[in-house]
file structure.cif (mmCIF, C-alpha atoms)
data_target
#
loop_
_atom_site.label_atom_id
_atom_site.label_comp_id
_atom_site.auth_asym_id
_atom_site.auth_seq_id
_atom_site.Cartn_x
_atom_site.Cartn_y
_atom_site.Cartn_z
CA MET A 1 0.00 0.00 0.00
CA ALA A 2 2.02 2.91 -1.30
CA GLU A 3 -0.41 5.77 -0.82
CA GLY A 4 -0.60 6.06 2.96
CA SER A 5 -3.93 4.47 3.85
CA ASP A 6 -7.02 2.84 2.34
CA ASP A 7 -8.95 6.10 2.68
CA ILE A 8 -6.24 8.09 0.89
CA GLN A 9 -6.22 5.54 -1.93
CA ALA A 10 -10.03 5.61 -2.17
CA LEU A 11 -9.99 9.43 -2.20
CA ILE A 12 -7.40 9.49 -4.99
CA ALA A 13 -9.38 6.90 -6.99
CA LEU A 14 -12.60 8.91 -6.63
CA MET A 15 -10.90 12.21 -7.51
CA ALA A 16 -9.24 10.60 -10.53
CA ARG A 17 -12.69 9.91 -12.00
CA LEU A 18 -13.70 13.60 -12.00
CA PRO A 19 -13.75 15.24 -15.44
CA GLY A 20 -10.35 16.56 -16.48
CA LEU A 21 -8.49 14.75 -13.69
CA GLY A 22 -6.51 11.52 -13.77
CA PRO A 23 -4.52 9.47 -11.26
CA ARG A 24 -1.52 11.83 -11.38
CA SER A 25 -3.43 15.09 -10.88
CA ALA A 26 -5.68 13.43 -8.25
CA ARG A 27 -2.59 12.34 -6.26
CA ARG A 28 -1.18 15.86 -6.51
CA ILE A 29 -4.42 17.41 -5.24
CA VAL A 30 -4.83 14.93 -2.37
CA LEU A 31 -1.20 15.40 -1.25
CA SER A 32 -1.58 19.19 -1.32
CA LEU A 33 -4.80 18.93 0.73
CA ILE A 34 -3.12 16.65 3.29
CA ARG A 35 -0.17 19.04 3.58
CA LYS A 36 -2.52 21.90 4.38
CA ARG A 37 -3.46 20.04 7.56
CA GLY A 38 -7.17 19.42 7.61
CA GLY A 39 -8.75 22.88 7.54
CA GLN A 40 -9.28 23.10 3.79
CA MET A 41 -10.30 19.45 3.53
CA HIS A 42 -12.99 19.73 6.20
CA GLN A 43 -14.27 22.91 4.51
CA LEU A 44 -14.36 21.15 1.13
CA ALA A 45 -16.20 18.18 2.70
CA ARG A 46 -18.74 20.50 4.33
CA LEU A 47 -19.46 22.34 1.06
CA LEU A 48 -19.74 19.09 -0.92
CA ASP A 49 -22.27 17.74 1.58
CA SER A 50 -24.21 20.98 1.57
CA VAL A 51 -24.30 21.27 -2.24
CA ALA A 52 -25.18 17.57 -2.63
CA THR A 53 -28.09 17.97 -0.23
CA GLY A 54 -29.28 21.41 -1.29
CA SER A 55 -28.94 21.52 -5.07
CA ARG A 56 -31.81 20.84 -7.40
CA GLU A 57 -33.13 21.96 -10.75
CA CYS A 58 -35.22 25.12 -10.97
CA LEU A 59 -38.77 23.94 -11.67
CA VAL A 60 -39.23 26.66 -14.31
CA CYS A 61 -35.98 26.87 -16.30
CA GLY A 62 -33.80 23.90 -15.29
CA ASN A 63 -30.97 26.05 -13.82
CA ILE A 64 -29.30 24.62 -10.71
CA THR A 65 -30.46 26.30 -7.51
CA ASP A 66 -31.02 25.66 -3.81
CA ARG A 67 -34.70 26.66 -3.97
CA ASP A 68 -37.73 25.56 -6.00
CA GLU A 69 -37.25 28.40 -8.47
CA CYS A 70 -33.86 29.95 -9.24
CA ALA A 71 -32.82 33.54 -8.56
CA ILE A 72 -33.24 34.47 -12.23
CA CYS A 73 -36.78 33.08 -12.54
CA THR A 74 -37.91 34.87 -9.35
CA ASP A 75 -36.33 38.24 -10.29
CA PRO A 76 -39.18 40.39 -11.73
CA ALA A 77 -36.65 42.65 -13.47
CA ARG A 78 -35.71 39.76 -15.74
CA ALA A 79 -39.24 39.28 -17.13
CA ASN A 80 -38.33 41.46 -20.13
CA GLY A 81 -39.98 39.26 -22.74
CA GLU A 82 -36.72 37.59 -23.79
CA ILE A 83 -35.98 33.93 -23.23
CA CYS A 84 -32.62 32.35 -23.98
CA VAL A 85 -32.65 28.62 -24.74
CA VAL A 86 -29.41 26.77 -23.87
CA GLU A 87 -28.32 23.14 -24.00
CA ASP A 88 -26.75 22.95 -20.59
CA VAL A 89 -26.47 24.67 -17.20
CA ALA A 90 -22.79 25.34 -17.98
CA ASP A 91 -23.92 27.39 -21.01
CA LEU A 92 -26.34 29.40 -18.81
CA TRP A 93 -23.50 30.16 -16.38
CA ALA A 94 -21.24 31.19 -19.27
CA LEU A 95 -23.88 33.63 -20.59
CA GLU A 96 -24.46 35.05 -17.09
CA ARG A 97 -20.73 35.72 -16.73
CA GLY A 98 -20.99 37.89 -19.86
CA HIS A 99 -23.65 40.09 -18.18
CA ALA A 100 -25.07 40.84 -21.63
CA PHE A 101 -28.42 39.06 -21.39
CA ARG A 102 -31.05 40.38 -18.95
CA GLY A 103 -33.97 38.07 -19.73
CA ARG A 104 -34.72 34.54 -18.56
CA TYR A 105 -33.38 31.13 -19.55
CA HIS A 106 -34.53 27.69 -20.47
CA VAL A 107 -32.15 24.75 -20.12
CA LEU A 108 -32.90 21.89 -22.52
CA GLY A 109 -30.48 19.44 -20.90
CA GLY A 110 -29.22 18.17 -24.25
CA THR A 111 -29.91 18.23 -27.98
CA LEU A 112 -32.08 16.23 -30.33
CA SER A 113 -30.16 13.20 -31.50
CA ALA A 114 -31.43 10.42 -33.73
CA LEU A 115 -28.37 8.35 -32.87
CA ASP A 116 -28.97 8.50 -29.11
CA GLU A 117 -32.76 8.30 -29.58
CA ILE A 118 -33.35 11.69 -27.93
CA GLY A 119 -36.57 13.23 -29.23
CA PRO A 120 -38.42 16.52 -28.53
CA ASP A 121 -40.31 15.02 -25.54
CA ASP A 122 -37.08 13.90 -23.85
CA LEU A 123 -35.85 17.50 -23.92
CA GLY A 124 -39.21 18.94 -22.80
CA ILE A 125 -39.57 20.99 -25.99
CA PRO A 126 -43.42 20.89 -25.88
CA ALA A 127 -43.22 22.30 -22.32
CA LEU A 128 -40.83 25.01 -23.58
CA ILE A 129 -43.26 26.02 -26.34
CA ASP A 130 -46.06 26.16 -23.72
CA ARG A 131 -43.88 28.28 -21.44
CA ILE A 132 -43.00 30.72 -24.24
CA ARG A 133 -46.70 31.22 -25.09
CA ARG A 134 -47.77 31.45 -21.44
CA GLU A 135 -45.15 33.97 -20.32
CA GLY A 136 -45.81 36.36 -23.21
CA VAL A 137 -42.28 36.01 -24.56
CA THR A 138 -41.50 38.30 -27.51
CA GLU A 139 -38.07 36.98 -28.46
CA ALA A 140 -36.62 33.49 -28.13
CA ILE A 141 -32.82 33.44 -28.48
CA LEU A 142 -31.68 29.92 -29.36
CA ALA A 143 -28.14 29.98 -27.90
CA LEU A 144 -27.35 26.38 -28.80
CA ASN A 145 -23.90 25.10 -29.63
CA ALA A 146 -22.76 25.55 -33.25
CA THR A 147 -22.64 21.77 -33.71
CA VAL A 148 -24.80 19.65 -36.04
CA ASP A 149 -27.00 18.42 -33.15
CA GLY A 150 -27.25 21.91 -31.65
CA GLN A 151 -28.29 23.48 -34.95
CA THR A 152 -30.77 20.66 -35.71
CA THR A 153 -32.39 21.33 -32.35
CA ALA A 154 -32.48 25.08 -33.03
CA HIS A 155 -34.22 24.50 -36.38
CA TYR A 156 -36.76 22.19 -34.75
CA ILE A 157 -37.62 24.77 -32.07
CA ALA A 158 -37.75 27.60 -34.63
CA ASP A 159 -40.20 25.55 -36.73
CA ALA A 160 -42.38 24.82 -33.69
CA LEU A 161 -42.54 28.56 -32.93
CA ALA A 162 -43.13 29.59 -36.56
CA ASP A 163 -46.81 30.55 -36.14
CA SER A 164 -46.56 31.87 -32.56
CA GLY A 165 -45.63 35.48 -33.41
CA VAL A 166 -42.46 35.14 -31.30
CA THR A 167 -39.23 36.48 -32.88
CA VAL A 168 -36.76 33.58 -32.99
CA THR A 169 -33.05 34.47 -33.14
CA GLY A 170 -29.71 32.67 -32.90
CA LEU A 171 -26.22 33.76 -31.85
CA ALA A 172 -24.11 35.47 -34.52
CA GLN A 173 -21.36 33.37 -36.03
CA GLY A 174 -18.00 34.88 -36.94
CA VAL A 175 -14.46 35.57 -35.81
CA PRO A 176 -14.06 35.32 -31.99
CA ILE A 177 -12.72 38.40 -30.16
CA GLY A 178 -8.92 38.30 -30.32
CA GLY A 179 -9.09 35.61 -33.00
CA GLU A 180 -6.44 35.38 -35.69
CA LEU A 181 -7.67 34.43 -39.17
CA ASP A 182 -4.68 32.17 -39.75
CA TYR A 183 -5.73 29.93 -36.87
CA LEU A 184 -9.47 29.80 -37.68
CA ASP A 185 -11.14 26.93 -39.50
CA ASP A 186 -12.47 27.49 -43.01
CA GLY A 187 -16.12 27.20 -41.93
CA THR A 188 -15.81 30.06 -39.45
CA ILE A 189 -14.03 32.32 -41.96
CA THR A 190 -16.69 31.59 -44.60
CA ALA A 191 -19.51 32.29 -42.10
CA ALA A 192 -17.83 35.53 -40.97
CA LEU A 193 -17.38 36.66 -44.58
CA ARG A 194 -21.01 35.91 -45.53
CA ALA A 195 -22.27 37.81 -42.47
CA ARG A 196 -19.91 40.78 -43.01
CA ARG A 197 -21.17 44.15 -41.86
CA ARG A 198 -20.62 47.82 -42.71
CA LEU A 199 -18.05 49.57 -40.47
CA MET B 1 -25.51 35.10 -8.73
CA ALA B 2 -24.87 33.05 -11.82
CA GLU B 3 -23.66 29.79 -10.32
CA GLY B 4 -26.78 28.50 -8.62
CA SER B 5 -26.21 29.24 -4.92
CA ASP B 6 -23.68 30.69 -2.49
CA ASP B 7 -22.52 27.19 -1.54
CA ILE B 8 -21.97 26.21 -5.18
CA GLN B 9 -19.96 29.38 -5.75
CA ALA B 10 -17.91 28.76 -2.59
CA LEU B 11 -17.30 25.14 -3.65
CA ILE B 12 -16.13 26.24 -7.12
CA ALA B 13 -13.86 28.93 -5.60
CA LEU B 14 -12.31 26.39 -3.20
CA MET B 15 -11.85 23.76 -5.92
CA ALA B 16 -10.29 26.36 -8.23
CA ARG B 17 -7.48 26.85 -5.69
CA LEU B 18 -6.42 23.19 -5.82
CA PRO B 19 -3.16 22.55 -7.71
CA GLY B 20 -3.69 22.11 -11.44
CA LEU B 21 -7.27 23.39 -11.36
CA GLY B 22 -8.67 26.80 -12.23
CA PRO B 23 -12.13 28.39 -12.32
CA ARG B 24 -13.10 26.64 -15.57
CA SER B 25 -12.09 23.12 -14.56
CA ALA B 26 -13.54 23.63 -11.06
CA ARG B 27 -16.90 24.64 -12.57
CA ARG B 28 -16.81 21.59 -14.81
CA ILE B 29 -16.09 19.26 -11.89
CA VAL B 30 -18.77 20.77 -9.64
CA LEU B 31 -21.41 20.61 -12.40
CA SER B 32 -20.57 16.99 -13.11
CA LEU B 33 -20.81 16.16 -9.40
CA ILE B 34 -24.19 17.92 -9.11
CA ARG B 35 -25.47 16.04 -12.16
CA LYS B 36 -24.58 12.73 -10.54
CA ARG B 37 -27.13 13.54 -7.83
CA GLY B 38 -25.50 13.48 -4.46
CA GLY B 39 -24.13 9.96 -4.08
CA GLN B 40 -20.62 10.66 -5.31
CA MET B 41 -20.49 14.05 -3.57
CA HIS B 42 -21.41 12.63 -0.15
CA GLN B 43 -18.84 9.85 -0.64
CA LEU B 44 -16.18 12.42 -1.57
CA ALA B 45 -17.11 14.52 1.47
CA ARG B 46 -16.90 11.49 3.77
CA LEU B 47 -13.47 10.49 2.45
CA LEU B 48 -12.14 14.07 2.68
CA ASP B 49 -13.28 14.28 6.32
CA SER B 50 -11.81 10.89 7.13
CA VAL B 51 -8.46 11.63 5.45
CA ALA B 52 -8.29 15.10 7.03
CA THR B 53 -8.87 13.62 10.48
CA GLY B 54 -6.83 10.43 10.13
CA SER B 55 -3.71 11.39 8.16
CA ARG B 56 -0.43 12.22 9.81
CA GLU B 57 3.28 11.85 9.18
CA CYS B 58 5.00 8.58 10.05
CA LEU B 59 7.14 9.34 13.14
CA VAL B 60 10.06 7.40 11.67
CA CYS B 61 10.25 8.24 7.96
CA GLY B 62 7.82 11.11 7.29
CA ASN B 63 5.55 9.13 4.92
CA ILE B 64 1.83 9.90 5.21
CA THR B 65 -0.10 7.28 7.16
CA ASP B 66 -3.10 6.82 9.42
CA ARG B 67 -1.02 5.34 12.27
CA ASP B 68 2.03 6.44 14.29
CA GLU B 69 4.37 4.48 12.04
CA CYS B 70 3.66 3.73 8.39
CA ALA B 71 3.16 0.28 6.83
CA ILE B 72 6.67 0.34 5.35
CA CYS B 73 8.41 1.19 8.65
CA THR B 74 6.50 -1.53 10.53
CA ASP B 75 7.11 -4.24 7.88
CA PRO B 76 10.07 -6.34 9.16
CA ALA B 77 10.71 -7.65 5.62
CA ARG B 78 11.74 -4.14 4.58
CA ALA B 79 14.55 -3.84 7.15
CA ASN B 80 17.07 -5.00 4.51
CA GLY B 81 19.74 -2.45 5.37
CA GLU B 82 18.80 -0.07 2.52
CA ILE B 83 17.36 3.37 3.10
CA CYS B 84 16.12 5.58 0.30
CA VAL B 85 16.18 9.34 0.96
CA VAL B 86 13.57 11.36 -0.97
CA GLU B 87 12.56 15.01 -1.00
CA ASP B 88 8.82 14.53 -0.82
CA VAL B 89 6.05 12.03 -0.05
CA ALA B 90 5.06 12.16 -3.75
CA ASP B 91 8.55 10.86 -4.63
CA LEU B 92 8.15 8.00 -2.12
CA TRP B 93 4.80 7.06 -3.71
CA ALA B 94 6.38 7.19 -7.18
CA LEU B 95 9.19 4.83 -6.11
CA GLU B 96 6.69 2.45 -4.47
CA ARG B 97 4.70 2.30 -7.72
CA GLY B 98 7.87 1.05 -9.41
CA HIS B 99 8.06 -1.92 -6.95
CA ALA B 100 11.84 -1.94 -7.43
CA PHE B 101 12.94 -0.83 -3.96
CA ARG B 102 12.34 -3.14 -1.01
CA GLY B 103 14.06 -1.19 1.80
CA ARG B 104 12.83 1.73 3.88
CA TYR B 105 12.49 5.44 3.19
CA HIS B 106 13.27 8.78 4.69
CA VAL B 107 11.33 11.85 3.55
CA LEU B 108 13.30 15.09 3.91
CA GLY B 109 10.34 17.35 3.16
CA GLY B 110 12.39 19.67 0.94
CA THR B 111 15.95 20.50 -0.10
CA LEU B 112 18.71 22.67 1.29
CA SER B 113 18.29 26.17 -0.10
CA ALA B 114 20.37 29.21 0.76
CA LEU B 115 17.81 31.44 -0.97
CA ASP B 116 14.89 30.19 1.14
CA GLU B 117 17.08 29.92 4.26
CA ILE B 118 16.51 26.17 4.61
CA GLY B 119 19.45 24.56 6.43
CA PRO B 120 20.26 20.96 7.45
CA ASP B 121 18.38 21.30 10.76
CA ASP B 122 15.16 22.40 9.02
CA LEU B 123 15.21 19.18 6.98
CA GLY B 124 16.11 16.99 9.97
CA ILE B 125 19.36 15.86 8.36
CA PRO B 126 21.11 15.34 11.76
CA ALA B 127 18.19 13.06 12.76
CA LEU B 128 18.54 11.20 9.43
CA ILE B 129 22.27 10.61 10.07
CA ASP B 130 21.38 9.34 13.57
CA ARG B 131 18.71 7.04 12.15
CA ILE B 132 21.10 5.61 9.53
CA ARG B 133 23.71 4.81 12.23
CA ARG B 134 21.12 3.44 14.69
CA GLU B 135 19.30 1.14 12.23
CA GLY B 136 22.49 -0.49 10.96
CA VAL B 137 21.90 0.75 7.41
CA THR B 138 24.43 -0.53 4.85
CA GLU B 139 23.38 1.53 1.82
CA ALA B 140 21.81 4.99 1.63
CA ILE B 141 20.27 5.71 -1.78
CA LEU B 142 19.90 9.48 -2.22
CA ALA B 143 16.94 9.57 -4.65
CA LEU B 144 16.76 13.36 -4.77
CA ASN B 145 15.60 15.33 -7.78
CA ALA B 146 18.22 16.05 -10.46
CA THR B 147 17.97 19.79 -9.75
CA VAL B 148 20.64 22.10 -8.36
CA ASP B 149 19.03 22.14 -4.88
CA GLY B 150 18.42 18.39 -4.94
CA GLN B 151 22.02 17.61 -5.89
CA THR B 152 23.41 20.12 -3.34
CA THR B 153 21.39 18.33 -0.66
CA ALA B 154 22.63 14.92 -1.86
CA HIS B 155 26.25 16.12 -1.67
CA TYR B 156 25.71 17.49 1.84
CA ILE B 157 24.26 14.18 3.07
CA ALA B 158 26.98 12.16 1.31
CA ASP B 159 29.63 14.30 3.05
CA ALA B 160 27.94 13.84 6.44
CA LEU B 161 27.99 10.05 5.93
CA ALA B 162 31.56 9.95 4.57
CA ASP B 163 33.14 8.36 7.69
CA SER B 164 30.14 6.20 8.69
CA GLY B 165 31.02 3.14 6.58
CA VAL B 166 27.63 3.36 4.86
CA THR B 167 27.65 3.01 1.04
CA VAL B 168 26.07 6.18 -0.39
CA THR B 169 24.55 5.95 -3.88
CA GLY B 170 22.44 8.11 -6.18
CA LEU B 171 20.03 7.33 -9.02
CA ALA B 172 21.58 6.77 -12.45
CA GLN B 173 21.24 9.59 -14.94
CA GLY B 174 20.61 8.91 -18.62
CA VAL B 175 18.06 8.52 -21.37
CA PRO B 176 14.56 7.78 -19.96
CA ILE B 177 12.82 4.58 -21.14
CA GLY B 178 11.10 5.33 -24.46
CA GLY B 179 13.04 8.58 -24.77
CA GLU B 180 14.07 9.91 -28.18
CA LEU B 181 17.48 11.56 -28.37
CA ASP B 182 16.17 14.34 -30.62
CA TYR B 183 13.84 15.54 -27.85
CA LEU B 184 16.31 15.28 -24.96
CA ASP B 185 18.21 18.25 -23.55
CA ASP B 186 21.97 18.44 -24.08
CA GLY B 187 22.74 17.86 -20.39
CA THR B 188 20.94 14.51 -20.34
CA ILE B 189 22.61 13.34 -23.54
CA THR B 190 26.03 14.33 -22.20
CA ALA B 191 25.36 12.54 -18.89
CA ALA B 192 24.12 9.41 -20.70
CA LEU B 193 27.19 9.40 -22.96
CA ARG B 194 29.62 9.83 -20.05
CA ALA B 195 27.93 7.00 -18.12
CA ARG B 196 27.75 4.70 -21.18
CA ARG B 197 27.94 0.99 -20.47
CA ARG B 198 29.03 -2.16 -22.26
CA LEU B 199 26.16 -4.05 -23.95
#
call {"tool": "encode", "arguments": {"input": "structure.cif", "output": "structure tokens"}}
result
Amino acid sequence: MAEGSDDIQALIALMARLPGLGPRSARRIVLSLIRKRGGQMHQLARLLDSVATGSRECLVCGNITDRDECAICTDPARANGEICVVEDVADLWALERGHAFRGRYHVLGGTLSALDEIGPDDLGIPALIDRIRREGVTEAILALNATVDGQTTAHYIADALADSGVTVTGLAQGVPIGGELDYLDDGTITAALRARRRL
Amino acid sequence: MAEGSDDIQALIALMARLPGLGPRSARRIVLSLIRKRGGQMHQLARLLDSVATGSRECLVCGNITDRDECAICTDPARANGEICVVEDVADLWALERGHAFRGRYHVLGGTLSALDEIGPDDLGIPALIDRIRREGVTEAILALNATVDGQTTAHYIADALADSGVTVTGLAQGVPIGGELDYLDDGTITAALRARRRL
């Protein structure tokens, strides 16, 4: 038993299964925690317990929250008629960090996929259409990933909203801020050229 | 508050301070833990608490253990007269994974460093010399890192053991297994050439 004790080995094995980590980085993290003599480890354990017990999905939008409805869904200032549809909670967090969107969200939890047999009902798309009609939404921004599955899903939702009077938009495609043309793929350059704008 | 709740934000901030992680990877890990619905998070919390409470340094060698003396120091089969001196517990674990060394260890916990004002007493080198004489050690393998500080420390220990009758050795330097000459630094190639051996 090289790594100290059974518990240390179990902790390293569990950490090594987290996304982005492996046995080497897990060992490094566990050793650094042990060196810091308890305090940080107990704090980490307390927060993990608390988050595991307290976290659930917002009943309205699917964001992760510690209440029935998340802080965005209960903020009256954010009922501005705009709803932003995202694939995943991580995408919602990324948009919130940008501070550019002041409306509400809807998390699909995935994309349509014939291969994985994920249909509109699995993603709650009928419920989303209901929600959009019920809340008097004026613009639905489909902020789905620029992948084949993401764009298929966006087209499906846009079609379902075609006769609802709601403006359906998608994120602009083009050169990322700070991007160098030489390092961009051909598809992005072509899309940026087609969508060129007057300066 | 983008990231769900205060606890989730605190958990991400704490995770982001672990070695090798940053805000992005910490968010990814926390989201994946939340998605797995509690089980794994409670298990991780329990192990962190248990390791934080139970881990301490072996009184003899400095390895991390859950008892007063580690499994290696209490195993009579490993009292073979060889002692391997390493800088850090991580180095001890790395050597144990190799299964090549069957003696005992001594963890210095660092290297001599004039810049950081770390002297022989800070590393317990007098105690190490005592231990080597007391335990009837025949060979001391100084498995210190091939850095300036590591090699300075090795020379200091070798000098201190010069009149003890103990054989003092160091790890061989050369081309690593699977290494390609074209990618090696000049120092390693020179060392490997100087230490060339008959085939």
call {"tool": "resolve_selection", "arguments": {"input": "structure.cif", "expression": "the PyMOL selection byres ((chain B) within 6 of (chain A))", "output": "JSON, numbers by chain"}}
result
{"B": [2, 4, 5, 11, 19, 29, 38, 41, 42, 45, 47, 48, 49, 52, 64, 65, 93, 96]}
call {"tool": "resolve_selection", "arguments": {"input": "structure.cif", "expression": "the PyMOL selection byres ((chain B and resi 81) around 7)", "output": "count of residues only"}}
result
9
call {"tool": "closest_residue", "arguments": {"input": "structure.cif", "among": "B:Leu59, B:Ala154, B:Cys73, B:Leu184", "to": "B:Gly170", "atoms": "all atoms listed in the file"}}
result
B:Ala154
call {"tool": "resolve_selection", "arguments": {"input": "structure.cif", "expression": "the PyMOL selection byres ((chain A and resi 105) around 8)", "output": "compact mmCIF listing (two decimals) with C-alpha atoms, keeping the file's coordinate frame"}}
result
# COMPACT_ATOMS: atom_id res chain seq x y z
CA CYS A 61 -35.98 26.87 -16.30
CA ILE A 83 -35.98 33.93 -23.23
CA CYS A 84 -32.62 32.35 -23.98
CA VAL A 85 -32.65 28.62 -24.74
CA VAL A 86 -29.41 26.77 -23.87
CA LEU A 92 -26.34 29.40 -18.81
CA GLY A 103 -33.97 38.07 -19.73
CA ARG A 104 -34.72 34.54 -18.56
CA HIS A 106 -34.53 27.69 -20.47
CA VAL A 107 -32.15 24.75 -20.12
call {"tool": "atom_distance", "arguments": {"input": "structure.cif", "atom1": "atom CA of A:Ile118", "atom2": "atom CA of A:Leu142"}}
result
18.4 Å
call {"tool": "atom_distance", "arguments": {"input": "structure.cif", "atom1": "atom CA of A:Asp185", "atom2": "atom CA of A:Val168"}}
result
27.3 Å
call {"tool": "atom_distance", "arguments": {"input": "structure.cif", "atom1": "atom CA of B:Ile129", "atom2": "atom CA of B:Arg102"}}
result
20.3 Å
call {"tool": "residues_around", "arguments": {"input": "structure.cif", "residues": "A:Thr147", "least_positions_apart": "5", "cutoff": "12 Å", "atoms": "all atoms listed in the file", "output": "PyMOL selection string"}}
result
chain A and resi 87+111-113+152-154+173+187
call {"tool": "write_last_selection", "arguments": {"input": "structure.cif", "atoms": "C-alpha atoms", "output": "PDB file, in the coordinates of the input"}}
result
ATOM      1  CA  GLU A  87     -28.320  23.140 -24.000  1.00  0.00           C
ATOM      2  CA  THR A 111     -29.910  18.230 -27.980  1.00  0.00           C
ATOM      3  CA  LEU A 112     -32.080  16.230 -30.330  1.00  0.00           C
ATOM      4  CA  SER A 113     -30.160  13.200 -31.500  1.00  0.00           C
ATOM      5  CA  THR A 152     -30.770  20.660 -35.710  1.00  0.00           C
ATOM      6  CA  THR A 153     -32.390  21.330 -32.350  1.00  0.00           C
ATOM      7  CA  ALA A 154     -32.480  25.080 -33.030  1.00  0.00           C
ATOM      8  CA  GLN A 173     -21.360  33.370 -36.030  1.00  0.00           C
ATOM      9  CA  GLY A 187     -16.120  27.200 -41.930  1.00  0.00           C
TER      10      GLY A 187
END
call {"tool": "residues_near_point", "arguments": {"input": "structure.cif", "point": "(16.4, 14.5, 12.7)", "cutoff": "12 Å", "atoms": "all atoms listed in the file", "output": "list in words"}}
result
Leu59, Val60, Cys61, Gly62, His106, Val107, Leu108, Gly109, Pro120, Asp121, Asp122, Leu123, Gly124, Ile125, Pro126, Ala127, Leu128, Ile129, Asp130, Arg131 and Ile132 of chain B
call {"tool": "axis_aligned_box", "arguments": {"input": "structure.cif", "around": "stretch 135-140 of chain B", "padding_each_side": "5 Å", "output": "JSON"}}
result
{"center_x": 21.9, "center_y": 2.2, "center_z": 6.9, "size_x": 15.1, "size_y": 15.5, "size_z": 20.6}
